[in-house]
Each structure stands twice: as C-alpha cells, then as structure tokens.
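What follows is a set of notes on a single structure, which appears directly below.
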Amino acid sequence: MESAIQRNVRNYIVATGDSSQEALAASSAILETVKFLCFGIHVDPVHSAALQFAPVDVNDGNVQTSILVLVQALGEYLTSEEDSVRAKATGILSFVLANCQQNQINATAVNVLTDFFRERLADKISAPKLLEGLLALSKFDAFSNENATKTAKALFNVNVQSFQQAVRHTVFQTIDSLLKQHLQALQKLGDDFVFGFTQIMDGEKDPRNLLLAFGLIKNIIHEFDIASHVEDLFEVTFCYFPITFKPPPDDPYGITAEDLKFSLRECLAATPHFAKFAMPLLLEKLSSSSGSAKKDSMETIAACAPIYGATALIPYLADLFDALKIEIFHATDPALEDAALAAMHRIVATLSAGISVIAAADPTEKALKPLIVECMVNLKEPEAKNSKPAGRILKAAASASDPACNAIVTAAVPILLRQYRESNLATRKKAIIDVLHEFLEASKTLYGSIDDTNDGTRKRKRKRERMSLSASYDCRVAVCPAASDAVPSCSLTLPSSSFSPFIVPPADQDFVTPLLAYKDRFFEIFGTALMSSNEYSALRLGGLKGLHLMAMLRQYLAINEVGIVVQSINQILLDDDDAELRTEALKSLFMIAHHRPAPLLEHTVPSLVAQLPYSLDDPAVAHRTYEKTLHALGELAVKPALFAVIVPELLKKLDRVSNTDSTNTDVTYPQAMLSTVLTVLNVKSAQAHTDIGSCITTLVPRLVSKLVESAMADPEGSDSMWGDVSTLQITASIVAFVLRSLDASSQKTFIDQLFDLFMKGNTAGSSLGGHAVDAPLSQARLTLLFAAVVGSSRKEVILPVASLPEFLTELIGLALEANDDVQREAVTRTVGSVVNKWQDDAGLTTFVQTNVITKLSAIMTSPVVDDLAQRKQSAALLVHLWITKALVLRTHALGFEMTDSVIKLFGDPQVGKKASEGFNVIIGDDELVLNKASFAVIKLLYKQRFFNHCLPGLVSGFKSSMDDVKHNHLIALSYVLRNIPKQVLLNELPPLRFETQYFAWNHNLQIHSSNDISNHFIFHQLFPLLIQSLSLPYPSLKIATLNTFYMATTDAPQVVAAHIQTLIPALLGLSKMAEPNTMKVRIAALRCLAQYPSALRYDILHPYKTQVLLELGQALDDNKRLVRRHAVDCRARWYTITS
Amino acid sequence: KKTPNSNQTPQLSHAPPSSNPFPAFPRPPLVPADLIRSISDPEHPLTLEQLNVTQCEHITVDNTVGRVRVEFTPTIPHCSMATLIGLCIRVRLLRSLPDRFKVDINVRQGTHQSENAVNKQLNDKERVAAALENAHLLEVVNQCLATAGQRGSEVTAVER
C-alpha cells in the first residue's frame, strides 16, 4: 500500500506542471488510493465482499493512516528547497484533503495539518495551494474553534490583494466558511477580525469576489461589534458606490450590475452606524449627472432610510427633499421619478417611525412643512404642469405614515376645496380633482382598501416589514424607540440576527383616515363633477374616479353610502351615451360588485332591467337603445353574485316580451337578450367560473321547454320569436356552453333525457318528430339543439343507443333525405361529432369503409337529372365533408383518403366548386361542435399533417386540370392557407424534417442546405398558384393570400425575391381603387408592398422603384382614409430605397 | 315577415360607385398636420410638433382647389436650419399628398431674420429639385423623415 502511494507521489512530482496529463493521472491515482482506503472498496472482486461487509472496522483508522502515509511520502517534497516542487507537493495534499472523506480525520491530524498550512502562508509561491488546503480543512468536522481563530489571524497577515483573482476568491470562501461554522470563536477576535477583513478586501476589483465580499460584510456587520471600525468598513464598502459595472458581452459568470448594486445596497443598509458617513455622500451622488448613479442613490437612500432612522436623517432632510423634488418636478425619465417618489415615501415613513409615539407628530410635521408649502404653491395653479408632480409628491409622503397623512391632509385639502369652490373653469376643476385622487390613493395605501378584511391586515403587513427591519438593530443602537415601544419585550429577547415576525398590537385599527372629515364635501364635488352637463368629459371621468376611490377605501363609506355611489354611477349607465364614461362606469361598478354586491343588486340591476322595454312596440326597440343597457348587464353578469340574479331577470323580461302581443315582428331585441346571456357564458367559461354548470337546472330547462312548446304548438315555425332560426342557434349555443361545463355523469343524465325527448318522443304524451324526414318544419329544426348537446358531450359519455353504426346510418339517411337546410346541417354536425368521438377504432374503420364511402360517393358522382338529385348530391357532399373533418381531426388514415376523393371532385363542373369550398368545413374551425371546448378528439399537429397531405394533390391538380375548374384548387388552397398556422408553411412537420435530415446524413449532404430546400420548396411550388389566386373574385381569400405574402416577406425573402417580377404588378393592381378591390384588400396589398424596402435587397427592388412610386400616387388619393394612410407609409418607405 | 332595413347589418366592404371610381370633389378631408407633426428636427432629438415648429392652426387645406398652405415657426429668429426644416416639410408633403395639391411652405411672418430668402428658396421648384439631387442633403432629409410615420403617437406615449 505504502509503495503505491509513494510511487504515485513520485510520478506526480516528476510530471511537468500540475495540469499536464501525467500529473493529472498521478493525482487521481493518489486520490483513488486514499479513497480506496477511505471506503474500503477493493478493486479485487474476491475481497470486495469481505471489505464491504466490515467497513466500520477498517474505515476509521484508514483515511487517517492513508493521509499520514501520503504526508510521509510527500515529506521531503513538502519542505523542498525548490519552490515549484514545494508548491506542487502542497497542491496534491490540498487536493486530496478537499476530496477525501472529511469526517474521518481526527482532531489531532486536523490540528497538525492546519498548523502546517497556516504557518507556511508566508511562502508566496505555495500560498495559493496552502489557501486551498485551508479552505478544505475549514470544512472538516474536526476543525476546532481554536483552529478557526488561528487561521483567521494567519489570513489577515497575508497580503491578499497581491494574488490573482482565483486565489483571492479562495480567501473569501475560506472566511465565508469560517464565519458559517465558527462564528462564536471569531466573534471573540472582535475588532481584530473586523479590521483584518477590511485589509483583505481593500482594493478588490473583481465582480465575482466583490459579490462574495459584500455578502461577508453584511454578515460581519450583523455579527460583530463594529463600533471602533465603522469608518474602515464604510470606506472599503462605499468606495464601490455607485456601481458602474458592465458585464462583458460573453460573460460566463452571469453577474449583472444589478446583482452588485443590490448586494452593495444591502451592506450600506446593514447598520445605522453608516448613517453619518453615508448620508452626505449619498446626497452628493444625487446631483450626479449620470442617470443610473442617481437612480442607484435614490434606491439606496430608500433602502437605508428605515435602518438609519429619523435622528440620522433629520440633519439632511432639507437637502434630501430638495434633491428629490428636482427629480420629480423636472423628471426626464419616469423610472427616476418613481425612484425619487419611493425614496421620499421611505424617508417620511422613517421620520414617523423613529420617534417615540407621544411626540411622533412633531418632527414629521416640521420636516414636511416646507415640502407641503412648496407643493401648495405649485397647486395654486392646478392646471399648470407642476401640479401633477406636486400631487404625486404629496401622495408619496401622505401614504408613508399616519402623522404625515394627517399633516398633509389638514394642510392641503381645505385649500384645494376652497380653490374648487371658487373656480368655474372645468379644466381647473378637473386638475383639482386629480390631486384629490392622489390623496384618496394615498389613504388607500396607508389605511387599507375595501378588499382587506376588516381587521386591517394590509396595514399590519406593511408595518411588520418596517419594524422587523429596524428592530433587529436596536440591541445596539436605540434609534427606533417607536418599534421597541410597540413591542417592549422584543429588544430584550431578540436574537441579534433574526428577522423574526412580530406580533403587532391591533392598535392600527384605531387609525382612521383624516379624509373622513371631508367625506361629505367629496361626495358633493365628485357627484356634481360626474353629473355636470359639461361636455368636458375628463371632468366627469374625474368625478367618477373620485367616487370609485371613495368606495374602495377601507372603513370609509357605510354600506348605504356605497349605495349612493352606486346610484350615481348608475345614472351614467342609464342616461349617458359617452362611450368612455360608460366603460369606466362599468369597470367601477364591476369592482365594487366584487367587494360589495348588495348595493348593485339593490339599485343597479333593477334599474337597468326596468329600462329594458317589455313590449316590441316600445319605441326604444326601434331605436335600439336597449343595446347599451344589455351590454352593461352583460358585463356585470360575469360576477357570480350578479350572474345568479341578472340571468333570471333577463329571462323574465324575455317571457314578458314574447307574451306581450305586438304587431312588430322584428325579433332582434329578444335575440339580443339571449345573445347577452350567451356572451356572459362565453366570458365566464373563458375565465373558468364554476357557476355555469348550475344553469343546467335553471336556465337550460327553461329555454328548452320554451323551444319545444313553441315547436309543438306551432308546427310551421310561424312564431316570429321562437320559430326563428337565429333564436334557435343562440339557444343551442347557450345549451352547449352549459353542457361543456358539466362532468360526465351530469352530462349523461341530461343527454339521456334529451334522447328520450327526441328519439322516443316523450314530451308529456305527445311526440316530438325532430328526427323524422316528414316532421313539421319547426320540430325538424330543433335537431340543432340535439346537435349542440350531442356535440358537446365528453368522450367517455356513452350515448343511449343500441348500436352506434345503426344510429349513424339512421342519421346519415336523415341528412340525405332532409328537406330543410337547418335540419340537414344539424344532423351532419351530429354525425361528425359522433364519428370523431367513436372510441372503437376498428369499428369506426369498418363502418366508414363499408357504409359511408361507397354509398356517398355513389350519390356524389352520379349524374344529376333533376333538382331532387342535385339536392341529394349536395347533401351527400356535406355528410362526406363532415365525416372527413371528424376523421382528419383525429388524424385517421381514412380522413386523408376521403380528402383525396374531395379533391377528385374539383374537376367536376357541377359539384367541383362546392367541394372546393368544403375545404373550409374540413380545416376551418366550427364554433358549435368538433372543437377543443366541446371535447372533440383533436390530435396535435393535425393541421400540419393535413397540409402536407393535400398540398401535392392540390398543386398537381391545379396543373393538370381544365381551365374552367382550375380555380377550384386555388379556392381550396386558400382555405387551407387561411387556417393553418404560419409555422407550418415555414417548417415541415418535425418527423418529416427528421427524415430529410436522416436522408441528408445518409447521402453526405449538408443538413443546412437540405433544410433550406425543404422550406422553400413549398413556397416555390406555391407562389405561382398564390399569385394566380389573387385574381379570384373572393375578397376574404385574397386577404388570406396577401397575409401569406406578408409573412413570407420576412420569413422567406429569397422566395419573394425570386417572384418579385410577378408580385409587384399584382400588388400594385390590388392597391388601386377599382371594382373588385375592397378596402381591406387594398390595405393588405399596400402592407405587403411597404415591407419590401426593409426586407429585400436594393438591387432587387431598384428596377421597380419608379413604377411603384408612380402607381402609389394613385393610392394617395384613395377614398378611404385608412388606405391613404397605408399608401403614405408605403410610399415613404419606397422613397428611402437607396444603394 | 320582417320589416325591411331594421336588422340589416351595415355593409363593411367598400363599394365605390362603379361608373366613376374617382368621384367629384370635395374629398374626405386630408390631414397634412398629421403627416408632418412627427418629422424630426435636424438638430434636436425632438419632433417639429414637440418644438412647436409646426402647429395645427398654421396649416390650411383647401380640398376643392387642391391647395395646402403650411407656415412654420423656426425656434429662434436666426435659426440656420429653417431652410432644411422647410425642405423636409416640402419633401414629406410631396411624397404623401396626391399630385393635384399645390403646396406653399412659408416661414411664419416675423419669426425669422431672412424670412423672404427662405420662403423664396422653399417655393422654387427647381431649387428644391436641385437640392434633392444632392445625395448628402437627401440623406439628411430622409433621416428627419424617418420618424414622420409616427404621426404624433410618440407624444401620447410620453403623457402618462
């Protein structure tokens, strides 16, 4: 064993350097040998079991012995005359110490080793290695307190700053480790330690070391009595302020200026002793010309103020406030202004906290007086530009503490109120109201808002934070008597380092905002401002905001007074037409409803509902004034508390309207009521509210029975209200929304009932023939309701039918035979949804193959002889499309097969156009069924798969087909492009890309080039087609294509450049005011053109410049303002093209 | 039966009269003020509007005869940039207004020492064209115009 170590040590020493290959091999061999002794793991498999069996026996002694053996082996080298040999030997020892089992070396050994390392620190050459050894040793379990003090002392004798960064880093790490584990021993060193550390740190420049050192300083300040070395400590710390560090661009350490700023700030804010040194310097830095230094100073002042305490701040107050005021009044940068306001806030808060409770008001008031005076001077002319910052200053100060708030409010509010009374100018009134808002906001910050529970938790939290910061120092420095007064026992029991939570006496509940005295005046001012018939809406908005803020304050308004606020705001909703005012009023009511729904239920809802007309003959119906009321109700009904009231009220109103005889047959108004309910449900389900499901027992039965009754009583659908298709559609959507929010079992119950109703005809004896071909029209249309319900069912809900194939066959038969479009659409949607959610894949495949494809294609391709046959053909196509969609969504192979047969139909002059438009059905999103919300089976990337599948077919079909049907391919393509995400166009499917890469790799091709080819291949193929499709007479498709071009310009400029010759004339043609170019088309074309100057090279665009500028001149004179605007922008950009 | 017109949604698409796509004047009003307010000053990092060089009240538009009159106020009476500012305004309007407009650009009366000379230079077609032949000058003008597309949005962004 000995020989192994000796041999390795010799190898190591002989090897060149300490990082050559041989040296590394030898050092790891040594470590292995030592480790092998440590763990008792033998290389020999025969012995390993035995050794593992008794590790305890062998272990204890063995690490010890092996280290001993190592030291012996190193013996002569460690004391060698040769510098490099000595350093190297030390290095290997340190390395082994750092990596061995540190808990198994006994105290004597550690003592000896520590002394050895410590005493040799003067050896400049070996020092780096010695320090590494000490760092390792300091973490040993047997490293004693005595060792720690000795080590620390030895470190202080080293000229640390003469070493390079890594060595210094080791020193700081060692000190960190010592402080962590032997704090109490080091504390006995007292001043020596503090002074020693300042010596070590003095002159440090490396950000990595500084970050560590700042942390240590903070620790030292907390743990040591620094009284006699405050200045030394301060000097080595503050010399870094303000931090102007800029990390190098490829900084591997990730240290930011912010990190350094923050840790330095923590040091400066660590002790009140720094106050007398720091304050003048910080003040000086406030007038610095650099914005970041200024901001840093202000943030540091904000952080230090509570620690330094009032006594330290008071001498500098005037200067501080002056400097901060300048920042606020002459703000160049909002961030600086905010920092200044925050600093001011903290200073004022400190002032009131630092003085004993009895006399708390005095210094605060005294200090604030000049500030208030100056602000009031600026507020003399409230509409001047300084009044806003003055208001913000007062807000920052007033929100800091109770005495400050009292002082400011008593000084400022009466004057402002008098000014308001005396002025007639609306702008001035508005400016004063703006300042009053600041006070209300301040009060909200300080005394809490209505959303706090009544015990004032917010205030408590704020105060706790403040006190915990100051109280942790009052062991030594009694600058915070207020805090210790409040918690008398704390300063005695407090462990000096703790930030422990305090128990705050519930005293602050007694504090009430000084604004309470002005409540009535505020009511008057804000109320009249809101109601003023002045057309200056800013004043009215100001009044509204004021009332709102009042309602939001904690313990400010009694519930009946909130009622008054609510009623005032109601008036806006009832009488006013100003859109902005209405929006704000709604927002405000919405927030009040969150905290105090009662006044809204009492006043707002009834008055709004009452404003809705109850008869269609009401002139309000013709003038559509109900729309605003409904909108207001709809917005408010999103709140659960109001939802439960508003929706039934709306239904009641709806009943009344439909029961009141009228000569008016326009059903827009009742439909608008239903739409409102639908919108509310839409918003609520987007916000995942849980109270939608309960509608299944209230709203849904009511609407369904209404529809069914109406359909039974009125077979021809002549009832204008309930027989109308739109009514039916809205109601179906409502039912779908409610159903989607239910769980599977509740859904199952409802669906079973509905099947009873539809399939068995179980409506109190009479039968509903919705699923019969010859059903009366109004009953046939109810199938829409059926589609909504079946389409919204969860996957696991099993439909109450004997056999799915039979059910589907029946439905398909109905769809083919149905006379009514609504019924047919509804039934096909149902078919699609059922197919999509059919869980048994094999069953599905067989069914579609045997029962669907052949049957449908027979009808679709048979020659059309009469109207009936044509209708049947369209019906078959529709069913085919919906089943295709259902299968494509779940990326079923048959879906793609069926897509191909749709593409084949494009060549048919009769059905081709309808088939191409059917692509919208297949790839477009449907709102009612087969979407994510209605639990359809939707596979990831199905759109990509679809795109990749049908693109070649469409392209080749376009090329090979006859002229009269060519455009069908383009129509289909445009629908696809409109519906697929942009990434799909630019990248192929991941698996496909993998294949190309694999292919490229196999063929030794550059992967890059193959990617380029695959990306642009699609585009190169598509571009000619896309350009041709611009001549199709469908504006919406044109816009979709133009958007594709727009996207392509930035993402695939090479392709655009290749086709520029055809693109530019086409786009210029579309930008002109001529018959087929709608405004949106013109704008889209101009948008595309406007992109080229920045995206494409000069030499590509230059040949077209003159032509483009000339022709854009026409667009400058467009009839539509928006087009002219885009034309101006586009032309301006083309003018900038220069070589 | 439904009452006619009561529930038809307004047509969104633009449908110009098919017979004559360029109908008779007057057109919807143009807003040259919007076009020039955000031109940058050649010397300051501010726009002409922010420096009060151009003001809405000093711009008149006559749509029927096609005439735009812009008066601008140099920041100081001996401002050496007055011609350049005027040129920027002219170029911007040249590029943005339809051909049928004639544009007059003048220094506001009594706001510049060499008012007449500047005005003459700015309203001389050939001298303007010659100035724009100068590549360096054109570059400066283009730089000032680079911000013109903001149309005052930068001002509203500053007001919080």
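Ordered as shown in the structure tokens, chains take letters A, B, and onward, while each chain numbers its residues from 1 and ligands are numbered from 1 in the order shown.
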Write out as a ChimeraX atom specification which residues come within 12 Å of stretch 138-145 of chain B when counting only C-alpha atoms, dropping same-chain ones fewer than 4 positions away. /A:1129,1132-1139 /B:35-48,81,83-93,95-96,128-134,149-151
Using only C-alpha atoms, tabulate the residues of chain A lying at most 10 Å from any atom of chain B, each with its closest atom pair and that distance in Å to one decimal, by chain and increasing residue number, as a Markdown table.
```
| residue | atom | partner | partner_atom | distance |
| --- | --- | --- | --- | --- |
| A:Asp333 | CA | B:Val158 | CA | 9.9 |
| A:Pro334 | CA | B:Arg160 | CA | 9.2 |
| A:Ala622 | CA | B:Ser6 | CA | 7.7 |
| A:His623 | CA | B:Ser6 | CA | 9.5 |
| A:Arg624 | CA | B:Ser6 | CA | 9.8 |
| A:Asn664 | CA | B:Thr3 | CA | 8.1 |
| A:Thr665 | CA | B:Lys2 | CA | 6.0 |
| A:Asp666 | CA | B:Lys2 | CA | 5.7 |
| A:Val667 | CA | B:Lys2 | CA | 8.5 |
| A:Thr668 | CA | B:Asn7 | CA | 6.8 |
| A:Tyr669 | CA | B:Asn7 | CA | 9.8 |
| A:Ser718 | CA | B:Lys1 | CA | 9.2 |
| A:Ser720 | CA | B:Lys1 | CA | 8.0 |
| A:Pro1035 | CA | B:Ser13 | CA | 9.2 |
| A:Lys1072 | CA | B:Pro21 | CA | 9.9 |
| A:Met1073 | CA | B:Pro21 | CA | 6.8 |
| A:Ala1074 | CA | B:Pro21 | CA | 6.5 |
| A:Glu1075 | CA | B:Ser18 | CA | 6.5 |
| A:Pro1076 | CA | B:Ala15 | CA | 8.5 |
| A:Asn1077 | CA | B:His14 | CA | 8.2 |
| A:Thr1078 | CA | B:His14 | CA | 5.1 |
| A:Met1079 | CA | B:His14 | CA | 5.4 |
| A:Lys1080 | CA | B:Ser13 | CA | 7.8 |
| A:Val1081 | CA | B:Ser13 | CA | 9.7 |
| A:Leu1109 | CA | B:Arg95 | CA | 8.8 |
| A:Leu1112 | CA | B:Pro98 | CA | 9.5 |
| A:Gly1113 | CA | B:Pro98 | CA | 6.0 |
| A:Gln1114 | CA | B:Pro98 | CA | 7.1 |
| A:Ala1115 | CA | B:Pro98 | CA | 8.4 |
| A:Leu1116 | CA | B:Pro98 | CA | 5.5 |
| A:Asp1117 | CA | B:Pro98 | CA | 5.6 |
| A:Asp1118 | CA | B:Phe22 | CA | 8.6 |
| A:Asn1119 | CA | B:Pro28 | CA | 7.2 |
| A:Lys1120 | CA | B:Pro28 | CA | 8.1 |
| A:Arg1121 | CA | B:Pro28 | CA | 7.7 |
| A:Arg1124 | CA | B:Ser96 | CA | 8.8 |
| A:Arg1125 | CA | B:Ser96 | CA | 9.0 |
| A:His1126 | CA | B:Gly149 | CA | 9.9 |
| A:Ala1127 | CA | B:Ser96 | CA | 8.1 |
| A:Val1128 | CA | B:Ser96 | CA | 5.1 |
| A:Asp1129 | CA | B:Gly149 | CA | 6.4 |
| A:Cys1130 | CA | B:Ser96 | CA | 9.6 |
| A:Arg1131 | CA | B:Arg95 | CA | 7.0 |
| A:Ala1132 | CA | B:Arg95 | CA | 6.6 |
| A:Arg1133 | CA | B:Ala146 | CA | 8.8 |
| A:Tyr1135 | CA | B:Arg95 | CA | 8.1 |
| A:Thr1136 | CA | B:Asn142 | CA | 6.8 |
| A:Thr1138 | CA | B:Glu139 | CA | 9.4 |
```
Just-selected residues, N, CA and C atoms written as a compact mmCIF listing (two decimals), in the first residue's frame:
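File produced: selection.txt:
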```txt
# COMPACT_ATOMS: atom_id res chain seq x y z
N ASP A 333 -37.08 60.97 -16.86
CA ASP A 333 -37.27 59.54 -17.05
C ASP A 333 -38.26 59.06 -15.98
N PRO A 334 -39.34 58.44 -16.39
CA PRO A 334 -40.32 58.01 -15.39
C PRO A 334 -39.71 57.09 -14.33
N ALA A 622 -87.20 50.07 -31.56
CA ALA A 622 -86.85 50.51 -32.90
C ALA A 622 -85.54 51.30 -32.89
N HIS A 623 -85.32 52.06 -31.81
CA HIS A 623 -84.11 52.88 -31.77
C HIS A 623 -82.91 52.13 -31.22
N ARG A 624 -83.14 50.93 -30.82
CA ARG A 624 -82.06 50.07 -30.32
C ARG A 624 -81.34 50.65 -29.13
N ASN A 664 -95.23 44.20 -34.08
CA ASN A 664 -93.86 44.21 -34.57
C ASN A 664 -93.34 42.77 -34.64
N THR A 665 -92.83 42.37 -35.78
CA THR A 665 -92.33 41.01 -35.91
C THR A 665 -90.82 40.95 -35.96
N ASP A 666 -90.19 42.09 -35.68
CA ASP A 666 -88.73 42.09 -35.68
C ASP A 666 -88.24 41.50 -34.36
N VAL A 667 -87.45 40.43 -34.46
CA VAL A 667 -87.08 39.73 -33.23
C VAL A 667 -85.64 40.03 -32.81
N THR A 668 -85.06 41.11 -33.34
CA THR A 668 -83.68 41.43 -32.96
C THR A 668 -83.55 41.63 -31.45
N TYR A 669 -84.53 42.33 -30.88
CA TYR A 669 -84.42 42.65 -29.45
C TYR A 669 -84.42 41.42 -28.57
N SER A 718 -94.10 29.62 -37.48
CA SER A 718 -94.51 30.98 -37.84
C SER A 718 -94.34 31.95 -36.67
N SER A 720 -92.69 34.32 -34.64
CA SER A 720 -91.53 35.07 -35.11
C SER A 720 -90.37 34.95 -34.15
N PRO A 1035 -62.88 38.35 -51.90
CA PRO A 1035 -62.04 39.27 -51.12
C PRO A 1035 -61.39 38.59 -49.91
N LYS A 1072 -55.19 49.53 -56.02
CA LYS A 1072 -55.94 50.63 -56.63
C LYS A 1072 -57.42 50.55 -56.32
N MET A 1073 -58.04 51.74 -56.35
CA MET A 1073 -59.47 51.80 -56.07
C MET A 1073 -60.23 51.38 -57.32
N ALA A 1074 -60.50 50.09 -57.43
CA ALA A 1074 -61.24 49.61 -58.59
C ALA A 1074 -62.23 48.58 -58.09
N GLU A 1075 -63.11 48.17 -58.95
CA GLU A 1075 -64.29 47.40 -58.53
C GLU A 1075 -64.02 46.24 -57.56
N PRO A 1076 -63.20 45.25 -57.93
CA PRO A 1076 -63.15 44.10 -57.01
C PRO A 1076 -62.30 44.33 -55.76
N ASN A 1077 -61.53 45.40 -55.71
CA ASN A 1077 -60.64 45.57 -54.55
C ASN A 1077 -61.36 46.25 -53.40
N THR A 1078 -61.70 45.50 -52.39
CA THR A 1078 -62.33 46.12 -51.23
C THR A 1078 -61.26 46.86 -50.45
N MET A 1079 -61.71 47.65 -49.48
CA MET A 1079 -60.76 48.44 -48.70
C MET A 1079 -59.72 47.54 -48.05
N LYS A 1080 -60.18 46.44 -47.49
CA LYS A 1080 -59.25 45.56 -46.78
C LYS A 1080 -58.23 44.95 -47.73
N VAL A 1081 -58.68 44.64 -48.95
CA VAL A 1081 -57.73 44.11 -49.92
C VAL A 1081 -56.69 45.15 -50.25
N LEU A 1109 -43.46 53.98 -57.15
CA LEU A 1109 -43.74 55.31 -56.61
C LEU A 1109 -44.82 55.99 -57.42
N LEU A 1112 -48.23 54.26 -56.73
CA LEU A 1112 -48.72 54.50 -55.38
C LEU A 1112 -49.34 55.88 -55.26
N GLY A 1113 -48.93 56.78 -56.13
CA GLY A 1113 -49.51 58.11 -56.14
C GLY A 1113 -51.02 58.05 -56.25
N GLN A 1114 -51.52 57.07 -56.97
CA GLN A 1114 -52.99 56.94 -57.09
C GLN A 1114 -53.61 56.56 -55.76
N ALA A 1115 -52.94 55.68 -55.04
CA ALA A 1115 -53.49 55.25 -53.76
C ALA A 1115 -53.51 56.39 -52.75
N LEU A 1116 -52.64 57.38 -52.94
CA LEU A 1116 -52.64 58.52 -52.03
C LEU A 1116 -53.96 59.26 -52.08
N ASP A 1117 -54.66 59.11 -53.19
CA ASP A 1117 -55.92 59.83 -53.35
C ASP A 1117 -57.12 58.90 -53.15
N ASP A 1118 -56.93 57.84 -52.44
CA ASP A 1118 -57.99 56.86 -52.22
C ASP A 1118 -59.15 57.51 -51.47
N ASN A 1119 -60.31 56.90 -51.64
CA ASN A 1119 -61.48 57.43 -50.95
C ASN A 1119 -61.45 57.17 -49.46
N LYS A 1120 -60.77 56.12 -49.07
CA LYS A 1120 -60.79 55.72 -47.66
C LYS A 1120 -59.56 56.24 -46.96
N ARG A 1121 -59.80 56.83 -45.79
CA ARG A 1121 -58.70 57.42 -45.05
C ARG A 1121 -57.63 56.38 -44.69
N ARG A 1124 -55.40 55.59 -47.56
CA ARG A 1124 -54.46 56.70 -47.82
C ARG A 1124 -53.31 56.64 -46.83
N ARG A 1125 -53.67 56.36 -45.61
CA ARG A 1125 -52.65 56.28 -44.57
C ARG A 1125 -51.60 55.22 -44.90
N HIS A 1126 -52.07 54.05 -45.25
CA HIS A 1126 -51.12 52.99 -45.59
C HIS A 1126 -50.33 53.34 -46.84
N ALA A 1127 -51.01 54.02 -47.78
CA ALA A 1127 -50.33 54.40 -49.01
C ALA A 1127 -49.19 55.36 -48.70
N VAL A 1128 -49.45 56.32 -47.82
CA VAL A 1128 -48.41 57.30 -47.45
C VAL A 1128 -47.22 56.57 -46.84
N ASP A 1129 -47.51 55.68 -45.90
CA ASP A 1129 -46.42 54.95 -45.24
C ASP A 1129 -45.63 54.12 -46.24
N CYS A 1130 -46.37 53.44 -47.12
CA CYS A 1130 -45.73 52.57 -48.08
C CYS A 1130 -44.84 53.38 -49.01
N ARG A 1131 -45.37 54.50 -49.51
CA ARG A 1131 -44.62 55.31 -50.46
C ARG A 1131 -43.38 55.89 -49.78
N ALA A 1132 -43.56 56.33 -48.53
CA ALA A 1132 -42.43 56.91 -47.81
C ALA A 1132 -41.31 55.89 -47.71
N ARG A 1133 -41.66 54.63 -47.50
CA ARG A 1133 -40.61 53.62 -47.36
C ARG A 1133 -39.94 53.33 -48.70
N TYR A 1135 -39.46 55.48 -50.99
CA TYR A 1135 -38.58 56.59 -51.29
C TYR A 1135 -37.21 56.39 -50.65
N THR A 1136 -37.18 55.64 -49.56
CA THR A 1136 -35.90 55.52 -48.85
C THR A 1136 -34.96 54.49 -49.47
N THR A 1138 -32.19 53.33 -51.28
CA THR A 1138 -31.01 53.89 -51.93
C THR A 1138 -29.92 52.83 -51.89
```
